[in-house]
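Trainee: Data: protein.cif, mmCIF, C-alpha atoms.
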```cif
data_model
#
loop_
_atom_site.label_atom_id
_atom_site.label_comp_id
_atom_site.auth_asym_id
_atom_site.auth_seq_id
_atom_site.Cartn_x
_atom_site.Cartn_y
_atom_site.Cartn_z
CA MET O 1 93.26 118.56 112.66
CA ALA O 2 90.41 116.12 112.74
CA GLU O 3 91.35 112.85 111.12
CA PHE O 4 89.19 111.57 108.32
CA ASP O 5 88.35 107.90 108.56
CA LEU O 6 86.81 106.22 105.54
CA ASN O 7 85.63 103.29 107.63
CA ASN O 8 83.44 105.55 109.71
CA VAL O 9 82.10 108.12 107.33
CA ASP O 10 79.29 109.95 109.10
CA ASP O 11 76.13 110.88 107.24
CA MET O 12 77.07 114.48 106.68
CA TYR O 13 80.42 113.67 105.06
CA PHE O 14 78.80 110.99 102.97
CA ASP O 15 76.15 113.46 101.78
CA VAL O 16 78.86 115.93 100.85
CA LEU O 17 80.82 113.28 98.94
CA LYS O 18 77.57 112.29 97.23
CA GLU O 19 76.82 115.85 96.25
CA LEU O 20 80.33 116.26 94.86
CA GLY O 21 79.66 113.15 92.83
CA ASN O 22 76.40 114.58 91.51
CA ILE O 23 77.87 117.90 90.50
CA GLY O 24 80.96 116.35 88.98
CA ALA O 25 79.02 113.80 86.97
CA GLY O 26 76.59 116.49 85.81
CA ASN O 27 79.44 118.55 84.43
CA ALA O 28 80.95 115.48 82.85
CA ALA O 29 77.64 114.75 81.09
CA SER O 30 77.44 118.22 79.60
CA SER O 31 80.99 118.01 78.31
CA LEU O 32 80.13 114.63 76.82
CA ALA O 33 77.12 116.21 75.08
CA GLN O 34 79.36 118.93 73.66
CA MET O 35 81.88 116.42 72.45
CA LEU O 36 79.26 114.28 70.72
CA GLN O 37 77.15 117.27 69.70
CA THR O 38 74.00 115.56 70.85
CA LYS O 39 71.73 115.90 73.81
CA VAL O 40 72.86 113.68 76.64
CA ASP O 41 70.54 112.90 79.50
CA MET O 42 71.92 111.72 82.76
CA LYS O 43 70.20 109.82 85.51
CA VAL O 44 70.88 110.87 89.08
CA PRO O 45 74.15 109.13 89.86
CA ARG O 46 74.26 106.38 92.42
CA VAL O 47 76.93 106.96 95.02
CA GLU O 48 77.92 104.03 97.14
CA LEU O 49 80.53 103.16 99.70
CA LEU O 50 81.23 99.51 98.98
CA ASP O 51 83.22 96.71 100.54
CA PHE O 52 85.96 95.41 98.26
CA SER O 53 84.16 92.10 97.93
CA GLU O 54 81.04 93.87 96.59
CA LEU O 55 82.88 95.83 93.90
CA GLY O 56 82.74 93.33 91.09
CA GLU O 57 79.06 92.63 91.59
CA ALA O 58 78.30 96.34 91.48
CA MET O 59 79.63 96.41 87.93
CA GLY O 60 77.92 93.31 86.65
CA GLY O 61 80.57 90.80 87.69
CA GLU O 62 84.34 90.79 88.10
CA GLU O 63 84.79 89.26 84.66
CA GLN O 64 82.72 91.81 82.77
CA ILE O 65 85.01 93.39 80.17
CA MET O 66 85.38 97.11 80.72
CA ALA O 67 87.44 100.00 79.48
CA GLY O 68 89.09 101.93 82.28
CA ILE O 69 90.72 105.30 81.80
CA TYR O 70 92.90 106.22 84.70
CA LEU O 71 94.57 109.52 85.54
CA LEU O 72 96.69 110.69 88.42
CA VAL O 73 95.44 113.77 90.26
CA GLN O 74 97.94 116.42 91.31
CA GLY O 75 97.91 119.87 92.85
CA ASP O 76 96.38 120.80 96.20
CA ILE O 77 94.92 117.33 96.46
CA THR O 78 96.62 114.17 95.26
CA GLY O 79 95.28 110.79 94.31
CA SER O 80 93.69 109.46 91.17
CA ILE O 81 90.50 109.40 89.16
CA MET O 82 89.14 106.64 86.97
CA PHE O 83 86.33 106.54 84.46
CA LEU O 84 85.03 103.10 83.55
CA LEU O 85 82.72 102.07 80.73
CA GLU O 86 81.25 98.75 79.75
CA GLU O 87 82.99 97.54 76.61
CA ARG O 88 79.87 97.92 74.48
CA SER O 89 79.23 101.45 75.75
CA ALA O 90 82.87 102.28 75.05
CA HIS O 91 82.53 101.06 71.44
CA THR O 92 79.35 103.09 71.01
CA LEU O 93 80.93 106.26 72.35
CA VAL O 94 84.07 105.86 70.28
CA SER O 95 82.15 105.30 67.07
CA LYS O 96 79.98 108.34 67.79
CA LEU O 97 83.03 110.46 68.37
CA MET O 98 84.83 109.19 65.27
CA GLY O 99 81.70 109.11 63.11
CA THR O 100 82.13 105.46 62.23
CA SER O 101 79.78 102.53 62.69
CA PRO O 102 80.33 100.62 65.93
CA GLY O 103 82.92 97.92 65.39
CA ASP O 104 81.92 94.46 66.46
CA HIS O 105 85.54 93.38 66.91
CA ALA O 106 86.85 92.66 70.35
CA GLY O 107 89.16 95.21 71.90
CA PHE O 108 90.14 98.60 70.51
CA ASP O 109 92.66 99.49 67.82
CA GLU O 110 95.14 102.32 68.21
CA MET O 111 92.83 105.04 66.87
CA GLU O 112 89.97 103.85 69.02
CA SER O 113 92.21 103.64 72.07
CA SER O 114 93.35 107.20 71.71
CA ALA O 115 89.73 108.32 71.18
CA LEU O 116 88.79 106.50 74.38
CA LYS O 117 91.61 108.18 76.27
CA GLU O 118 90.40 111.52 74.96
CA ILE O 119 86.86 110.76 76.15
CA GLY O 120 88.21 109.82 79.57
CA ASN O 121 90.35 112.93 79.63
CA ILE O 122 87.46 115.27 78.85
CA ILE O 123 85.01 113.59 81.21
CA THR O 124 87.34 113.35 84.18
CA GLY O 125 88.61 116.88 83.42
CA ALA O 126 85.05 118.23 83.61
CA TYR O 127 84.55 116.35 86.84
CA LEU O 128 87.71 117.72 88.42
CA ASN O 129 87.05 121.25 87.15
CA SER O 130 83.75 121.35 88.98
CA LEU O 131 85.43 120.02 92.09
CA SER O 132 88.12 122.68 91.78
CA ALA O 133 85.53 125.43 91.27
CA ILE O 134 83.56 124.48 94.38
CA THR O 135 86.53 124.06 96.65
CA ASN O 136 88.87 126.72 95.26
CA LEU O 137 91.60 124.12 95.27
CA THR O 138 94.03 123.72 92.40
CA ILE O 139 93.50 120.30 90.86
CA THR O 140 95.32 119.06 87.78
CA GLU O 141 95.48 115.67 86.14
CA SER O 142 98.12 113.57 84.40
CA ILE O 143 97.81 112.24 80.87
CA PRO O 144 95.35 109.32 80.73
CA SER O 145 96.26 105.65 80.67
CA LEU O 146 93.86 103.03 79.29
CA ALA O 147 93.21 99.38 80.11
CA VAL O 148 90.57 97.11 78.57
CA ASP O 149 90.23 94.05 80.75
CA MET O 150 88.12 92.33 83.39
CA ALA O 151 86.35 94.74 85.76
CA GLY O 152 87.99 93.15 88.78
CA ALA O 153 91.48 93.60 87.38
CA ILE O 154 90.94 97.24 86.43
CA LEU O 155 89.28 98.01 89.75
CA SER O 156 92.14 96.46 91.67
CA VAL O 157 94.16 99.61 91.03
CA PRO O 158 91.87 102.14 92.74
CA ALA O 159 90.85 99.47 95.27
CA ILE O 160 94.47 99.16 96.34
CA GLU O 161 94.60 102.92 96.82
CA PHE O 162 91.47 102.79 98.97
CA GLY O 163 92.95 99.78 100.73
CA MET O 164 95.72 101.96 102.04
CA VAL O 165 93.23 104.07 103.98
CA GLY O 166 90.37 101.71 104.80
CA ASP O 167 88.24 98.76 103.83
CA LYS O 168 85.73 100.47 101.59
CA MET O 169 85.66 102.20 98.25
CA LEU O 170 83.57 105.13 97.05
CA LEU O 171 81.93 104.44 93.70
CA ILE O 172 79.85 106.85 91.65
CA GLN O 173 77.73 105.20 88.99
CA THR O 174 76.41 107.40 86.23
CA SER O 175 74.23 106.40 83.42
CA PHE O 176 74.13 108.55 80.30
CA THR O 177 71.50 108.25 77.62
CA ASP O 178 71.27 109.55 74.15
CA ASP O 179 69.68 106.97 71.81
CA GLU O 180 70.80 104.15 74.01
CA GLU O 181 71.88 103.84 77.56
CA LEU O 182 75.57 104.09 78.31
CA ASN O 183 76.78 103.00 81.68
CA GLY O 184 79.79 104.68 83.16
CA TYR O 185 81.39 104.75 86.57
CA PHE O 186 83.59 107.28 88.27
CA ILE O 187 86.01 106.49 90.98
CA LEU O 188 87.73 109.40 92.63
CA VAL O 189 90.45 108.43 95.04
CA PRO O 190 91.86 111.31 97.04
CA ASP O 191 94.58 110.14 99.39
CA LEU O 192 93.88 110.49 103.09
CA PRO O 193 95.23 114.04 103.65
CA SER O 194 93.30 115.13 100.56
CA TYR O 195 89.96 113.98 102.00
CA SER O 196 90.45 116.32 104.91
CA LYS O 197 91.54 119.13 102.56
CA LEU O 198 88.44 118.66 100.41
CA LEU O 199 86.08 118.60 103.35
CA GLN O 200 87.77 121.59 104.94
CA ALA O 201 87.65 123.56 101.70
CA LEU O 202 83.92 122.89 101.61
CA GLY O 203 83.59 124.11 105.16
CA VAL O 204 82.18 120.89 106.54
CA MET O 205 85.27 119.98 108.49
CA GLN O 206 87.10 122.16 110.99
CA ALA O 207 90.75 122.83 110.21
CA MET M 1 81.21 68.56 91.34
CA GLY M 2 79.21 71.69 92.11
CA GLY M 3 80.24 75.26 91.55
CA LEU M 4 83.54 76.63 92.70
CA ILE M 5 84.00 78.32 96.06
CA LYS M 6 84.40 82.03 95.40
CA VAL M 7 87.00 84.23 97.03
CA GLY M 8 86.51 88.00 96.73
CA MET M 9 89.01 90.83 96.73
CA ALA M 10 90.88 91.05 100.05
CA ASP M 11 89.41 87.71 101.06
CA LEU M 12 90.58 84.14 101.75
CA LYS M 13 88.88 80.77 102.06
CA LEU M 14 89.65 77.11 102.64
CA CYS M 15 88.83 74.43 100.10
CA LEU M 16 88.57 70.71 100.73
CA PRO M 17 88.68 68.20 97.86
CA PRO M 18 86.90 67.38 95.65
CA GLU M 19 85.83 71.00 95.52
CA GLY M 20 87.60 73.75 93.63
CA ILE M 21 88.09 77.38 94.55
CA THR M 22 88.29 80.51 92.40
CA THR M 23 88.92 84.23 92.46
CA LEU M 24 87.89 86.42 89.52
CA GLY M 25 89.69 89.26 87.81
CA LEU M 26 92.98 89.53 89.66
CA GLY M 27 94.75 92.71 88.60
CA SER M 28 97.59 94.04 90.69
CA CYS M 29 96.38 91.84 93.52
CA VAL M 30 97.90 88.39 93.96
CA GLY M 31 96.10 85.05 94.25
CA VAL M 32 97.93 82.67 96.57
CA ALA M 33 96.92 78.99 96.37
CA ILE M 34 98.29 76.62 98.98
CA ARG M 35 97.70 72.89 99.51
CA ASP M 36 98.89 70.10 101.74
CA THR M 37 100.24 67.49 99.31
CA ASN M 38 99.24 64.66 101.62
CA ASN M 39 95.69 65.28 102.84
CA LYS M 40 94.92 67.74 99.98
CA ILE M 41 93.57 70.43 102.27
CA GLY M 42 93.80 73.66 100.30
CA GLY M 43 92.97 77.32 100.30
CA LEU M 44 93.15 80.51 98.29
CA ALA M 45 93.88 84.09 99.32
CA HIS M 46 93.35 87.26 97.24
CA VAL M 47 95.72 89.85 98.72
CA MET M 48 95.80 93.53 97.72
CA LEU M 49 98.76 95.14 99.44
CA PRO M 50 102.24 93.98 100.41
CA ASP M 51 102.73 94.98 104.00
CA SER M 52 100.31 95.40 106.91
CA LYS M 53 102.99 97.12 108.95
CA ALA M 54 103.45 99.89 106.37
CA ILE M 55 99.95 101.23 106.93
CA LYS M 56 98.75 103.21 109.90
CA ASN M 57 95.14 102.07 110.00
CA ALA M 58 95.69 98.55 108.79
CA GLY M 59 92.24 97.53 109.98
CA THR M 60 91.12 94.06 110.87
CA ASN M 61 90.98 92.38 107.49
CA LEU M 62 93.97 90.03 107.51
CA ALA M 63 93.31 88.91 103.93
CA LYS M 64 94.04 92.39 102.60
CA PHE M 65 97.81 92.13 103.04
CA ALA M 66 100.35 89.67 101.68
CA ASP M 67 102.08 89.15 105.01
CA THR M 68 99.02 88.67 107.20
CA GLY M 69 96.92 87.04 104.46
CA VAL M 70 99.36 84.19 103.77
CA MET M 71 99.87 83.67 107.50
CA GLU M 72 96.14 83.51 108.18
CA LEU M 73 95.49 81.07 105.33
CA VAL M 74 98.22 78.79 106.64
CA ARG M 75 96.82 79.04 110.16
CA LEU M 76 93.31 78.08 109.03
CA MET M 77 94.69 75.16 107.01
CA GLU M 78 96.65 73.92 110.01
CA GLN M 79 93.49 74.09 112.07
CA LYS M 80 91.91 71.67 109.60
CA GLY M 81 94.85 69.30 109.88
CA ALA M 82 97.22 70.46 107.18
CA ARG M 83 100.94 70.46 108.03
CA ARG M 84 103.18 73.31 107.05
CA ILE M 85 106.04 71.02 106.06
CA ARG M 86 103.87 69.41 103.38
CA MET M 87 102.44 72.65 102.04
CA VAL M 88 103.20 73.89 98.53
CA ALA M 89 102.08 77.10 96.85
CA LYS M 90 101.26 78.50 93.42
CA ILE M 91 100.67 82.18 92.80
CA ALA M 92 99.27 84.43 90.04
CA GLY M 93 98.50 88.11 89.48
CA GLY M 94 100.54 91.16 90.40
CA ALA M 95 99.96 92.78 87.02
CA LYS M 96 100.65 96.39 86.17
CA MET M 97 97.30 97.38 84.72
CA PHE M 98 98.16 100.97 83.75
CA ASP M 99 101.27 102.45 82.25
CA PHE M 100 102.59 105.86 83.21
CA LYS M 101 105.83 107.54 82.24
CA ASN M 102 106.64 108.60 85.77
CA ASP M 103 106.15 105.41 87.65
CA ASN M 104 105.20 105.95 91.24
CA ALA M 105 105.17 103.39 94.02
CA LEU M 106 101.50 102.72 93.41
CA MET M 107 102.12 101.57 89.86
CA GLN M 108 104.65 99.04 91.08
CA VAL M 109 102.32 97.63 93.70
CA GLY M 110 101.79 94.46 91.63
CA ASP M 111 105.49 93.62 91.73
CA ARG M 112 105.70 94.52 95.38
CA ASN M 113 102.74 92.25 96.16
CA VAL M 114 104.42 89.34 94.41
CA GLU M 115 107.70 89.96 96.26
CA ALA M 116 105.91 90.20 99.62
CA VAL M 117 104.02 86.94 99.04
CA LYS M 118 107.23 85.13 98.08
CA LYS M 119 109.02 86.49 101.13
CA LYS M 120 106.26 85.32 103.47
CA LEU M 121 106.11 81.87 101.87
CA LYS M 122 109.87 81.52 102.25
CA GLU M 123 109.69 82.65 105.85
CA LEU M 124 107.07 79.99 106.56
CA GLY M 125 109.09 77.34 104.72
CA ILE M 126 106.43 76.78 102.05
CA ARG M 127 107.74 75.83 98.62
CA LEU M 128 106.61 77.92 95.63
CA LEU M 129 105.98 75.44 92.82
CA ALA M 130 104.82 77.75 90.04
CA GLU M 131 103.79 81.30 89.27
CA ASP M 132 102.16 83.37 86.56
CA CYS M 133 102.76 86.97 87.58
CA GLY M 134 103.35 90.45 86.26
CA LEU M 135 102.74 91.83 82.75
CA ASN M 136 99.73 94.02 82.08
CA PHE M 137 96.58 91.93 82.08
CA GLY M 138 93.98 90.60 84.50
CA ARG M 139 93.67 86.95 85.47
CA THR M 140 90.93 84.68 86.78
CA VAL M 141 92.28 81.67 88.66
CA GLU M 142 90.79 78.30 89.64
CA PHE M 143 92.53 76.02 92.10
CA PHE M 144 91.88 72.32 92.66
CA PRO M 145 93.59 71.07 95.83
CA GLU M 146 92.93 67.43 94.87
CA THR M 147 95.39 67.62 91.95
CA GLY M 148 97.11 70.91 92.68
CA ASP M 149 96.05 72.24 89.28
CA PHE M 150 96.04 76.02 89.15
CA VAL M 151 94.11 77.18 86.08
CA ILE M 152 94.69 80.70 84.77
CA LYS M 153 92.32 82.51 82.41
CA ALA M 154 92.95 85.89 80.83
CA VAL M 155 91.03 87.89 78.21
CA GLY M 156 92.04 86.92 74.68
CA LYS M 157 94.64 84.39 75.83
CA PRO M 158 94.59 80.61 75.92
CA VAL M 159 93.72 79.00 79.25
CA LYS M 160 96.78 77.67 80.98
CA THR M 161 97.31 75.29 83.87
CA ILE M 162 100.36 75.55 86.07
#
```
What would the structure in this file look like if it were written as structure tokens?
Mentor:
Amino acid sequence: MAEFDLNNVDDMYFDVLKELGNIGAGNAASSLAQMLQTKVDMKVPRVELLDFSELGEAMGGEEQIMAGIYLLVQGDITGSIMFLLEERSAHTLVSKLMGTSPGDHAGFDEMESSALKEIGNIITGAYLNSLSAITNLTITESIPSLAVDMAGAILSVPAIEFGMVGDKMLLIQTSFTDDEELNGYFILVPDLPSYSKLLQALGVMQA
Amino acid sequence: MGGLIKVGMADLKLCLPPEGITTLGLGSCVGVAIRDTNNKIGGLAHVMLPDSKAIKNAGTNLAKFADTGVMELVRLMEQKGARRIRMVAKIAGGAKMFDFKNDNALMQVGDRNVEAVKKKLKELGIRLLAEDCGLNFGRTVEFFPETGDFVIKAVGKPVKTI
């Protein structure tokens, strides 16, 4: 079996990964719209393969406070998926979902935390469902775990997973808009055998 | 004094006094600060993973791993005239950012990073003076080789110097 190497992703594989990102994020946006019962527009996601040292900058600085919802991926492929939101965007989304006015307090209380986890769950679930539908692979996810902290610290977790297979990380940036712009990021981390499985299931890699 | 020298993720740099050096938002990664107590030559490494030998395609970035990262930092410091026998270290990071019921090896990577750094320091005969590791939050660190001060900042917590 051909070995997948994240350090030398050729253009075709990158395009495929990009397209997966587009489709997944599109599905995630429509499930977000359903959840909030509003129209949600989504810009074309930016998909980038970044060096670890560039990660923080890509999200507005390593010390930018973000909410990260992280789930383990199981089934035919294994790995993890993370959905990250800027703190302000996270507050906006939570208050929309709960029908309250956006709190100006730092951090998130217990109710808000569980709402955030639910948002992460639905959005990543929509993402993975579309991936599963395209590839015919069975993909399930664990219950979500939430951290609100510096971007660098949250990103260290998926970065370490990428670090086990290479020196770069695949980041999908999506920006949702309803009345105001909400910036979110997806990070899907299949482990190395799963990359090959995904690409084979899509017919772009020979078994 | 100007701005601080910045060390990224999976990166390491030297720092000569009176300058200071920083790395932002350490999560499960570990920041390793080392200085020569005599000539004050210092450096900081931001390592991500414990063991370069445990990974098939370890790549060429020595700073990514605890074992090779600490070794490389010490080597560069020695090149500048630091002596291993006078070196002391302070470390921070190795947090567990997410909590899952069924802990897998990945979730414990913070602890494993800390252990690997300590093991390498011991192997090289470098004394560990202080640490601020573990728990579940991110840390920004600033290191000043002139004094040896290692300043740790975390969200919603008082700044502390070890």
Trainee: Report as a list of chain:residue names the set of chain M residues whose atoms approach chain O to within 6 Å, with distances computed over all atoms listed in the file.
Mentor: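 Using all atoms listed in the file, chain M residues at most 6 Å from chain O: M:Gly8, M:Met9, M:Leu24, M:Gly25, M:Leu26, M:Gly27, M:Met48, M:Phe98, M:Gly138.
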Trainee: Do you have the CA of Leu4 (chain M)-CA of Thr37 (chain M) distance handy?
Mentor: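 Between these atoms lies a distance of 20.2 Å.
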Trainee: Fewer than 3 positions away in the same chain doesn't count, so skip those; otherwise give me all residues within 12 Å of Arg35 (chain M), counting only C-alpha atoms, as number ranges by chain.
Mentor: M: 14-17, 20-21, 32, 38-45, 73-74, 76-78, 80-91, 126-129, 143-150
Trainee: Using all atoms listed in the file, pick whichever of M:Ala33, M:Val155, M:Val109, M:Val70 has the shortest atom-to-atom distance to Glu142 (chain M).
Mentor: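 Using all atoms listed in the file, the shortest distance to Glu142 (chain M) belongs to M:Ala33.
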Trainee: Between CA of Ala154 (chain M) and CA of Met97 (chain M), what is the spacing in Å?
Mentor: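 Atom-to-atom, CA of Met97 (chain M) and CA of Ala154 (chain M) are spaced 12.9 Å apart.
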Trainee: Apply the PyMOL selection byres ((chain O and resi 15-22) around 12) to the structure shown and report the selected residues as number ranges by chain.
Mentor: O: 6, 9-14, 23-29, 42-49, 124, 126-135, 170-175, 185-190, 195-196, 198-205
Trainee: Which distance in Å separates CA of Gly69 (chain M) and CA of Val117 (chain M), to one decimal?
Mentor: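 CA of Val117 (chain M) lies 8.9 Å from CA of Gly69 (chain M).
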Trainee: I'd like the contact shell of Val114 (chain M) - 9 Å cut-off, all atoms listed in the file, skipping same-chain residues fewer than 6 positions apart - returned as a list of chain:residue names.
Mentor: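 Skipping anything fewer than 6 positions along the chain leaves M:Cys29, M:Val30, M:Pro50, M:Ala66, M:Ile91, M:Ala92, M:Gly93, M:Gly94, M:Cys133, M:Gly134.
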Trainee: Would you output that residue set with C-alpha atoms, as a PDB file, in the frame of the given file?
Mentor:
```pdb
ATOM      1  CA  CYS M  29      96.380  91.840  93.520  1.00  0.00           C
ATOM      2  CA  VAL M  30      97.900  88.390  93.960  1.00  0.00           C
ATOM      3  CA  PRO M  50     102.240  93.980 100.410  1.00  0.00           C
ATOM      4  CA  ALA M  66     100.350  89.670 101.680  1.00  0.00           C
ATOM      5  CA  ILE M  91     100.670  82.180  92.800  1.00  0.00           C
ATOM      6  CA  ALA M  92      99.270  84.430  90.040  1.00  0.00           C
ATOM      7  CA  GLY M  93      98.500  88.110  89.480  1.00  0.00           C
ATOM      8  CA  GLY M  94     100.540  91.160  90.400  1.00  0.00           C
ATOM      9  CA  CYS M 133     102.760  86.970  87.580  1.00  0.00           C
ATOM     10  CA  GLY M 134     103.350  90.450  86.260  1.00  0.00           C
TER      11      GLY M 134
END
```
Trainee: Could you give me the axis-aligned bounding box of region 20-34 of chain M, with 3 Å of padding per side, as centre plus edge lengths in Å to one decimal, as AutoDock Vina command-line options?
Mentor:
```
--center_x 92.9 --center_y 83.9 --center_z 93.4 --size_x 16.7 --size_y 26.3 --size_z 17.2
```
Trainee: So which residues get picked by the PyMOL selection byres ((chain M and resi 53) around 12) here, written as a list in words?
Mentor: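 Applied to this file, the PyMOL selection byres ((chain M and resi 53) around 12) returns Met164 of chain O; Leu49, Pro50, Asp51, Ser52, Ala54, Ile55, Lys56, Asn57, Ala58, Gly59, Leu62, Lys64, Phe65, Ala66, Asp67, Thr68 and Ala116 of chain M.
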